[in-house]
Structure formats: C-alpha cells, structure tokens
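So this one's coords29.txt, compact mmCIF, C-alpha atoms:
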# COMPACT_ATOMS: atom_id res chain seq x y z
CA MET X 1 -16.86 -215.06 -16.91
CA GLY X 2 -17.60 -213.69 -20.38
CA GLN X 3 -21.23 -214.58 -20.17
CA SER X 4 -21.63 -212.77 -16.76
CA ARG X 5 -20.08 -209.58 -18.13
CA THR X 6 -22.43 -209.75 -21.08
CA ARG X 7 -25.53 -210.07 -18.86
CA ALA X 8 -24.30 -207.19 -16.65
CA ARG X 9 -23.70 -204.96 -19.61
CA ARG X 10 -27.11 -205.82 -21.01
CA GLY X 11 -28.85 -205.20 -17.60
CA LEU X 12 -27.58 -201.64 -17.10
CA PRO X 13 -29.96 -199.87 -19.56
CA TRP X 14 -33.10 -201.25 -17.81
CA LYS X 15 -32.05 -199.64 -14.53
CA TYR X 16 -31.74 -196.29 -16.20
CA ILE X 17 -35.04 -196.82 -17.96
CA ALA X 18 -36.77 -197.65 -14.66
CA LEU X 19 -35.28 -194.64 -12.95
CA GLY X 20 -36.36 -192.45 -15.85
CA LEU X 21 -39.92 -193.73 -15.72
CA LEU X 22 -40.03 -193.15 -11.97
CA ALA X 23 -38.85 -189.57 -12.39
CA VAL X 24 -41.48 -188.93 -15.05
CA ALA X 25 -44.20 -190.34 -12.77
CA VAL X 26 -43.11 -188.13 -9.87
CA ILE X 27 -43.14 -185.04 -12.07
CA ALA X 28 -46.57 -185.93 -13.45
CA VAL X 29 -48.04 -186.45 -9.98
CA SER X 30 -46.54 -183.18 -8.77
CA SER X 31 -47.99 -181.33 -11.77
CA VAL X 32 -51.46 -182.77 -11.16
CA ALA X 33 -51.25 -181.89 -7.47
CA MET X 34 -50.28 -178.32 -8.33
CA PHE X 35 -53.10 -178.08 -10.87
CA MET X 36 -55.70 -179.36 -8.40
CA ARG X 37 -54.54 -177.16 -5.52
CA PRO X 38 -57.43 -174.79 -4.57
CA ASP X 39 -56.98 -171.09 -5.04
CA PRO X 40 -56.42 -169.10 -1.88
CA PRO X 41 -59.71 -167.75 -0.49
CA ALA X 42 -60.66 -164.33 -1.80
CA SER X 43 -60.77 -161.58 0.74
CA ALA X 44 -64.32 -160.91 2.02
CA VAL X 45 -66.09 -157.98 0.31
CA SER X 46 -68.26 -155.83 2.59
CA TYR X 47 -71.71 -155.15 1.05
CA THR X 48 -74.54 -153.24 2.65
CA PRO X 49 -77.81 -153.43 0.73
CA PRO X 50 -79.52 -150.09 0.15
CA PRO X 51 -82.40 -149.33 2.51
CA PRO X 52 -85.87 -149.97 1.09
CA ALA X 53 -87.60 -146.96 -0.43
CA PRO X 54 -89.94 -145.37 2.10
CA GLU X 55 -93.63 -145.81 1.47
CA LEU X 56 -95.42 -142.64 0.47
CA PRO X 57 -98.08 -141.41 2.88
CA ILE X 58 -101.65 -142.10 1.81
CA VAL X 59 -104.21 -139.29 1.74
CA ALA X 60 -107.87 -140.20 1.18
CA VAL X 61 -110.41 -137.54 0.20
CA ILE X 62 -114.21 -137.82 0.21
CA GLY X 63 -116.44 -134.98 -0.89
CA ASP X 64 -119.34 -133.87 -3.05
CA SER X 65 -119.27 -132.33 -6.53
CA TYR X 66 -116.80 -129.70 -5.30
CA THR X 67 -114.38 -132.62 -5.01
CA ALA X 68 -115.61 -134.61 -8.02
CA GLY X 69 -115.47 -131.67 -10.44
CA ASN X 70 -117.86 -131.17 -13.37
CA SER X 71 -118.29 -129.23 -16.58
CA TYR X 72 -118.03 -125.91 -14.71
CA GLY X 73 -114.56 -126.71 -13.45
CA GLY X 74 -112.24 -129.13 -11.72
CA MET X 75 -112.00 -131.93 -14.23
CA ASN X 76 -108.87 -134.13 -14.34
CA ALA X 77 -105.67 -132.17 -13.62
CA LYS X 78 -107.68 -129.02 -12.87
CA ASN X 79 -109.34 -130.63 -9.85
CA TRP X 80 -108.38 -129.06 -6.54
CA THR X 81 -107.11 -132.38 -5.17
CA LYS X 82 -104.71 -132.81 -8.10
CA VAL X 83 -103.59 -129.18 -7.92
CA ALA X 84 -102.99 -129.47 -4.17
CA ARG X 85 -100.94 -132.62 -4.65
CA ALA X 86 -98.83 -130.94 -7.34
CA ASP X 87 -98.28 -127.90 -5.12
CA LEU X 88 -97.24 -130.06 -2.18
CA TYR X 89 -94.94 -132.13 -4.38
CA ALA X 90 -93.25 -128.95 -5.60
CA GLY X 91 -92.66 -128.12 -1.94
CA GLY X 92 -91.06 -131.50 -1.27
CA GLN X 93 -94.08 -133.39 0.03
CA SER X 94 -95.02 -136.54 -1.90
CA MET X 95 -98.13 -138.64 -1.31
CA ASN X 96 -100.43 -141.26 -2.71
CA LEU X 97 -103.82 -139.63 -3.24
CA VAL X 98 -107.13 -141.51 -3.27
CA VAL X 99 -110.22 -139.43 -4.08
CA ARG X 100 -113.93 -140.15 -4.21
CA GLY X 101 -116.25 -137.30 -5.17
CA LEU X 102 -119.99 -137.94 -4.96
CA GLY X 103 -122.14 -135.49 -6.86
CA ALA X 104 -125.19 -134.26 -4.91
CA ALA X 105 -124.17 -136.33 -1.85
CA GLY X 106 -123.51 -135.48 1.76
CA TYR X 107 -123.37 -137.11 5.18
CA ALA X 108 -127.13 -137.63 5.38
CA THR X 109 -128.05 -137.25 1.71
CA PRO X 110 -127.46 -139.89 -0.99
CA GLY X 111 -126.17 -138.38 -4.22
CA THR X 112 -126.65 -139.23 -7.86
CA ALA X 113 -124.84 -142.54 -7.27
CA LYS X 114 -127.27 -143.20 -4.37
CA LEU X 115 -124.37 -143.16 -1.93
CA LYS X 116 -123.63 -141.11 1.17
CA PHE X 117 -120.16 -140.26 2.42
CA SER X 118 -120.11 -143.14 4.90
CA GLN X 119 -120.84 -145.69 2.18
CA VAL X 120 -117.50 -145.16 0.40
CA VAL X 121 -115.23 -144.95 3.44
CA GLU X 122 -114.13 -148.58 3.40
CA SER X 123 -113.61 -148.61 -0.37
CA ILE X 124 -110.85 -145.97 -0.35
CA MET X 125 -109.35 -146.21 3.15
CA GLY X 126 -107.46 -148.81 5.11
CA PRO X 127 -105.14 -149.35 8.08
CA LYS X 128 -102.25 -147.63 6.27
CA THR X 129 -104.16 -144.44 5.41
CA ASP X 130 -102.34 -141.48 6.96
CA VAL X 131 -104.76 -138.59 6.42
CA VAL X 132 -108.49 -138.55 5.74
CA VAL X 133 -110.03 -135.38 4.31
CA MET X 134 -113.81 -134.97 4.16
CA VAL X 135 -115.24 -131.93 2.40
CA GLY X 136 -118.83 -130.65 2.52
CA SER X 137 -121.55 -130.79 2.07
CA ARG X 138 -124.11 -128.16 1.15
CA ASN X 139 -126.18 -131.04 -0.20
CA ASP X 140 -127.30 -131.74 3.39
CA MET X 141 -128.94 -128.33 3.70
CA ASN X 142 -132.42 -129.83 3.45
CA ALA X 143 -131.76 -132.48 6.10
CA LYS X 144 -132.51 -131.86 9.75
CA PRO X 145 -129.46 -130.73 11.75
CA GLU X 146 -129.94 -133.66 14.14
CA ALA X 147 -129.82 -136.08 11.21
CA VAL X 148 -126.64 -134.48 9.89
CA ARG X 149 -125.12 -134.56 13.37
CA GLN X 150 -125.81 -138.27 13.72
CA ALA X 151 -124.77 -139.15 10.16
CA SER X 152 -121.49 -137.24 10.39
CA ALA X 153 -120.69 -138.78 13.79
CA GLU X 154 -121.31 -142.26 12.40
CA THR X 155 -119.14 -141.48 9.38
CA TYR X 156 -116.23 -140.32 11.53
CA ALA X 157 -116.57 -143.37 13.77
CA LEU X 158 -116.32 -145.58 10.69
CA VAL X 159 -113.24 -143.68 9.53
CA LYS X 160 -111.60 -144.22 12.93
CA LYS X 161 -112.39 -147.92 12.75
CA THR X 162 -111.15 -148.32 9.18
CA SER X 163 -108.06 -146.10 9.48
CA PRO X 164 -107.28 -145.97 13.22
CA ASN X 165 -103.97 -144.14 12.81
CA ALA X 166 -105.14 -141.56 10.29
CA LYS X 167 -105.44 -137.88 11.06
CA LEU X 168 -108.90 -136.56 10.26
CA LEU X 169 -109.32 -133.22 8.49
CA ILE X 170 -112.89 -131.99 8.10
CA VAL X 171 -113.71 -129.12 5.75
CA GLY X 172 -117.22 -127.81 6.38
CA PRO X 173 -119.84 -126.85 3.80
CA MET X 174 -119.16 -123.91 1.49
CA TRP X 175 -121.36 -121.17 0.15
CA VAL X 176 -120.99 -119.06 -2.96
CA ASN X 177 -121.22 -115.60 -1.36
CA GLU X 178 -121.66 -113.88 2.00
CA ASN X 179 -125.46 -114.37 1.99
CA VAL X 180 -125.29 -117.71 3.78
CA PRO X 181 -128.68 -119.32 4.51
CA ASP X 182 -129.43 -120.29 8.10
CA SER X 183 -129.85 -123.90 6.99
CA ILE X 184 -126.23 -123.94 5.81
CA LYS X 185 -125.04 -122.46 9.11
CA SER X 186 -126.99 -125.10 11.05
CA LEU X 187 -125.50 -127.78 8.86
CA ARG X 188 -122.03 -126.36 9.47
CA ASP X 189 -122.60 -126.38 13.23
CA ALA X 190 -123.69 -130.03 13.19
CA VAL X 191 -120.64 -131.16 11.20
CA ARG X 192 -118.28 -129.10 13.34
CA ALA X 193 -119.67 -130.59 16.56
CA SER X 194 -119.13 -134.15 15.31
CA ALA X 195 -115.64 -133.34 14.06
CA LEU X 196 -114.48 -131.78 17.30
CA GLU X 197 -115.97 -134.66 19.28
CA VAL X 198 -113.53 -137.11 17.66
CA GLY X 199 -110.55 -134.75 17.83
CA ALA X 200 -110.52 -133.90 14.13
CA THR X 201 -109.24 -130.66 12.67
CA PHE X 202 -112.18 -128.60 11.47
CA VAL X 203 -111.84 -125.96 8.74
CA ASP X 204 -114.75 -123.54 8.36
CA PRO X 205 -115.07 -122.06 4.83
CA ILE X 206 -118.07 -119.97 5.93
CA ASP X 207 -116.33 -118.40 8.87
CA GLU X 208 -113.26 -117.76 6.70
CA GLY X 209 -115.40 -116.37 3.83
CA TRP X 210 -113.79 -118.45 1.12
CA PHE X 211 -116.12 -117.41 -1.70
CA PHE X 212 -117.23 -114.07 -0.33
CA GLY X 213 -116.74 -110.71 -2.04
CA GLU X 214 -114.59 -110.74 -5.15
CA ASN X 215 -113.92 -114.47 -4.70
CA ALA X 216 -117.55 -115.13 -5.65
CA THR X 217 -116.35 -114.74 -9.24
CA LEU X 218 -114.60 -118.11 -8.82
CA ILE X 219 -118.01 -119.77 -8.91
CA GLY X 220 -119.32 -120.88 -12.32
CA SER X 221 -122.32 -119.56 -14.23
CA ASP X 222 -124.60 -122.04 -12.46
CA ARG X 223 -123.88 -120.08 -9.25
CA VAL X 224 -123.06 -123.34 -7.45
CA HIS X 225 -119.81 -124.95 -8.60
CA PRO X 226 -116.25 -123.61 -8.67
CA THR X 227 -114.50 -122.90 -11.96
CA ASP X 228 -111.02 -124.17 -12.74
CA ALA X 229 -109.71 -121.01 -11.09
CA GLY X 230 -111.98 -121.79 -8.14
CA HIS X 231 -110.44 -125.25 -7.85
CA ALA X 232 -106.94 -123.78 -7.91
CA TYR X 233 -108.10 -121.45 -5.16
CA LEU X 234 -109.44 -124.36 -3.10
CA ALA X 235 -106.10 -126.14 -3.50
CA LYS X 236 -104.33 -123.13 -2.00
CA LEU X 237 -106.75 -123.14 0.93
CA ILE X 238 -106.94 -126.87 1.71
CA GLY X 239 -103.44 -127.98 0.65
CA PRO X 240 -101.64 -126.35 3.60
CA HIS X 241 -103.96 -128.14 6.04
CA ILE X 242 -103.08 -131.46 4.39
CA LYS X 243 -99.39 -130.63 4.70
CA VAL X 244 -99.79 -129.94 8.42
CA ALA X 245 -101.68 -133.22 8.86
CA LEU X 246 -98.82 -135.09 7.15
CA SER X 247 -96.12 -133.51 9.28

Take the structure in the file and give it back as structure tokens.
Amino acid sequence: MGQSRTRARRGLPWKYIALGLLAVAVIAVSSVAMFMRPDPPASAVSYTPPPPAPELPIVAVIGDSYTAGNSYGGMNAKNWTKVARADLYAGGQSMNLVVRGLGAAGYATPGTAKLKFSQVVESIMGPKTDVVVMVGSRNDMNAKPEAVRQASAETYALVKKTSPNAKLLIVGPMWVNENVPDSIKSLRDAVRASALEVGATFVDPIDEGWFFGENATLIGSDRVHPTDAGHAYLAKLIGPHIKVALS
C-alpha cells in the first residue's frame, strides 16, 4: 500500500507538466495563426488617368525670299511666319510651324538652291499636316503663264497627295508698289486658276494692294524685299487667313 501511494504522489506532477505544455502549444499555434492571418482587403480606389495632351495642329509654309527672309528684313524672330505664329499664340491658337523659304524660286523657276516649290513639298509635309500655305512668287515673272499654270497645278496635286486632309491656302505674288507689270498680273492669274481648281483659298496681294501707296515704304532699299516692319505687316495680313484655315 505504501509503495502505491508513493508512485501516485510522484506521478501527479507529470500530469500537470503535460497539461501545461499542451496549453503553451495551443497558445503558440493561436498566436502564429493570428500573425499569419491576411489583412482585410483595402477598399478599391477609383483612378481615372488624365487624357492625353492634344496634338498641336501642323502648319507648313513654302515660299520664296519673302518667306525665307534676308539681310533687308525677316531674319529669325522677325520673319513674318514667326511673327504670325506669336500673334496667333497670343490669341489662343497654338501650332507647330514648318517653313521652307527658297530664295529666287517659284513654281516654275528653280531658285538659288536649284529647287522649285514642288521639290520641297514632301520634305516638310505629311499625312498629319493640317494647313499648307504657299506664298509667291514674283520669281516666275519671266516664265510663260502656261508653264506657271501647269507647274502650280502639279504642285497643288502633290500637296493633296502628300497631305490629303490639309487645307490649302495660296497667297499670290506680291509687288512693291501700284505699278504692277503685266507679267506679274499674268502670273497671278495662272496661280489663282490652279488654286481655285483644287478648292484652295486664294489671297491676292495685288488686288488688295498690300504694298501700294504709303505701304511701299515697308520694302527695303533694294526695292524688292520687305523690311522687318514689312514682315510684321505681312504677318498681320496672312496670319488671320491661317487662323481661319485652322478653325
């Protein structure tokens, strides 16, 4: 009997130890489970990306030395194309401007770079061009009107092929005073006929007398090319037509 009581008394602590270890294990497992439990899903956040910035319209200009500028006027920021762009920007109209001025050139006459207007069309225009402006040219005054008529028609056809969605604005040849030679008038008539045939807008500096009267003072001492003031004047005359074409 004594030995049984002794074993019983000695066996009691192990039961408590086992129960204690079991309790510790349960607590440990519960703690790990709580630690590994995923966070509740965050509420969805609505995000709308900003719309892409609109592409600026593209305006391409081809002309003679009146567009290129020279030592008499129209260099860099003083050029009528740059002044017109600045004026339109101030009025809320932005654009990408691509300009090619060819000294001594025209539709039928190669200039100092041995290029005619048609030969630079594809280098500055493309399918995304919105407005094409062609200015001139008095340099064709020695060509036959029929040759100018054909050359201008071919040039406009190439423009339509290269930039099919572009609006075409044609500014005819200019003269420095009201004493306009017949050859310039014949040239003007040939260019106007080709322009109207393709549905272009034609602007007639001779009919409107751009450099007649007191405005003849806007021509430089060579009696051919506009001064800086003359270029600013041209910007005021041609810029509004570009704005209408962009609208």

Can you report as AutoDock Vina command-line options the centre and edge lengths in Å, to one decimal, of an axis-aligned box around the listed atoms of segment 201-212 of chain X padded with 5 Å on each side?
--center_x -113.7 --center_y -122.4 --center_z 5.5 --size_x 18.8 --size_y 26.6 --size_z 24.4

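Distances here use all atoms listed in the file; by that measure, the residue among X:Ala108, X:Val120, X:Leu246, X:Val198 closest to Leu56 of chain X is X:Leu246.
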
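Compared by their closest atoms to Ala200 of chain X, and using all atoms listed in the file, the residues X:Leu237, X:Val171, X:Leu218, X:Ile58 rank with X:Val171 nearest.
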
Q) Between X:Lys144, X:Lys185, X:Arg85, X:Lys78, which is the closest to Ile238 of chain X once you count all atoms listed in the file? A) X:Arg85

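Closest to Tyr66 of chain X among X:Ala232, X:Ala216, X:Val135, X:Ala153 is X:Val135, based on all atoms listed in the file.
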
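Computed from the coordinates, the atom CA of Asn177 of chain X to atom CA of Phe211 of chain X distance equals 5.4 Å.
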
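Near Phe202 of chain X, within 8 Å and counting only C-alpha atoms, sit Leu169, Ile170, Val171, Gly172, Arg192, Ala195 and Leu196 of chain X, not including residues fewer than 3 positions from it in the same chain.
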
Q) If I put a ball of radius 12 Å at (-123.4, -145.9, -6.7) in the file's coordinates, which residues poke into it when counting only C-alpha atoms, written as an MDAnalysis selection string? A) chainID X and resid 100:105 110:117 119:120 123

Q: List the neighbours of Met174 of chain X out to 7 Å using all atoms listed in the file; skip same-chain residues closer than 4 positions along the sequence, and give me the result as JSON, numbers by chain.
A: {"X": [136, 138, 205, 206]}

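The closest residue to Glu197 of chain X, picked from X:Thr227, X:Thr109, X:Ser152, X:Asn215 and counting only C-alpha atoms, is X:Ser152.
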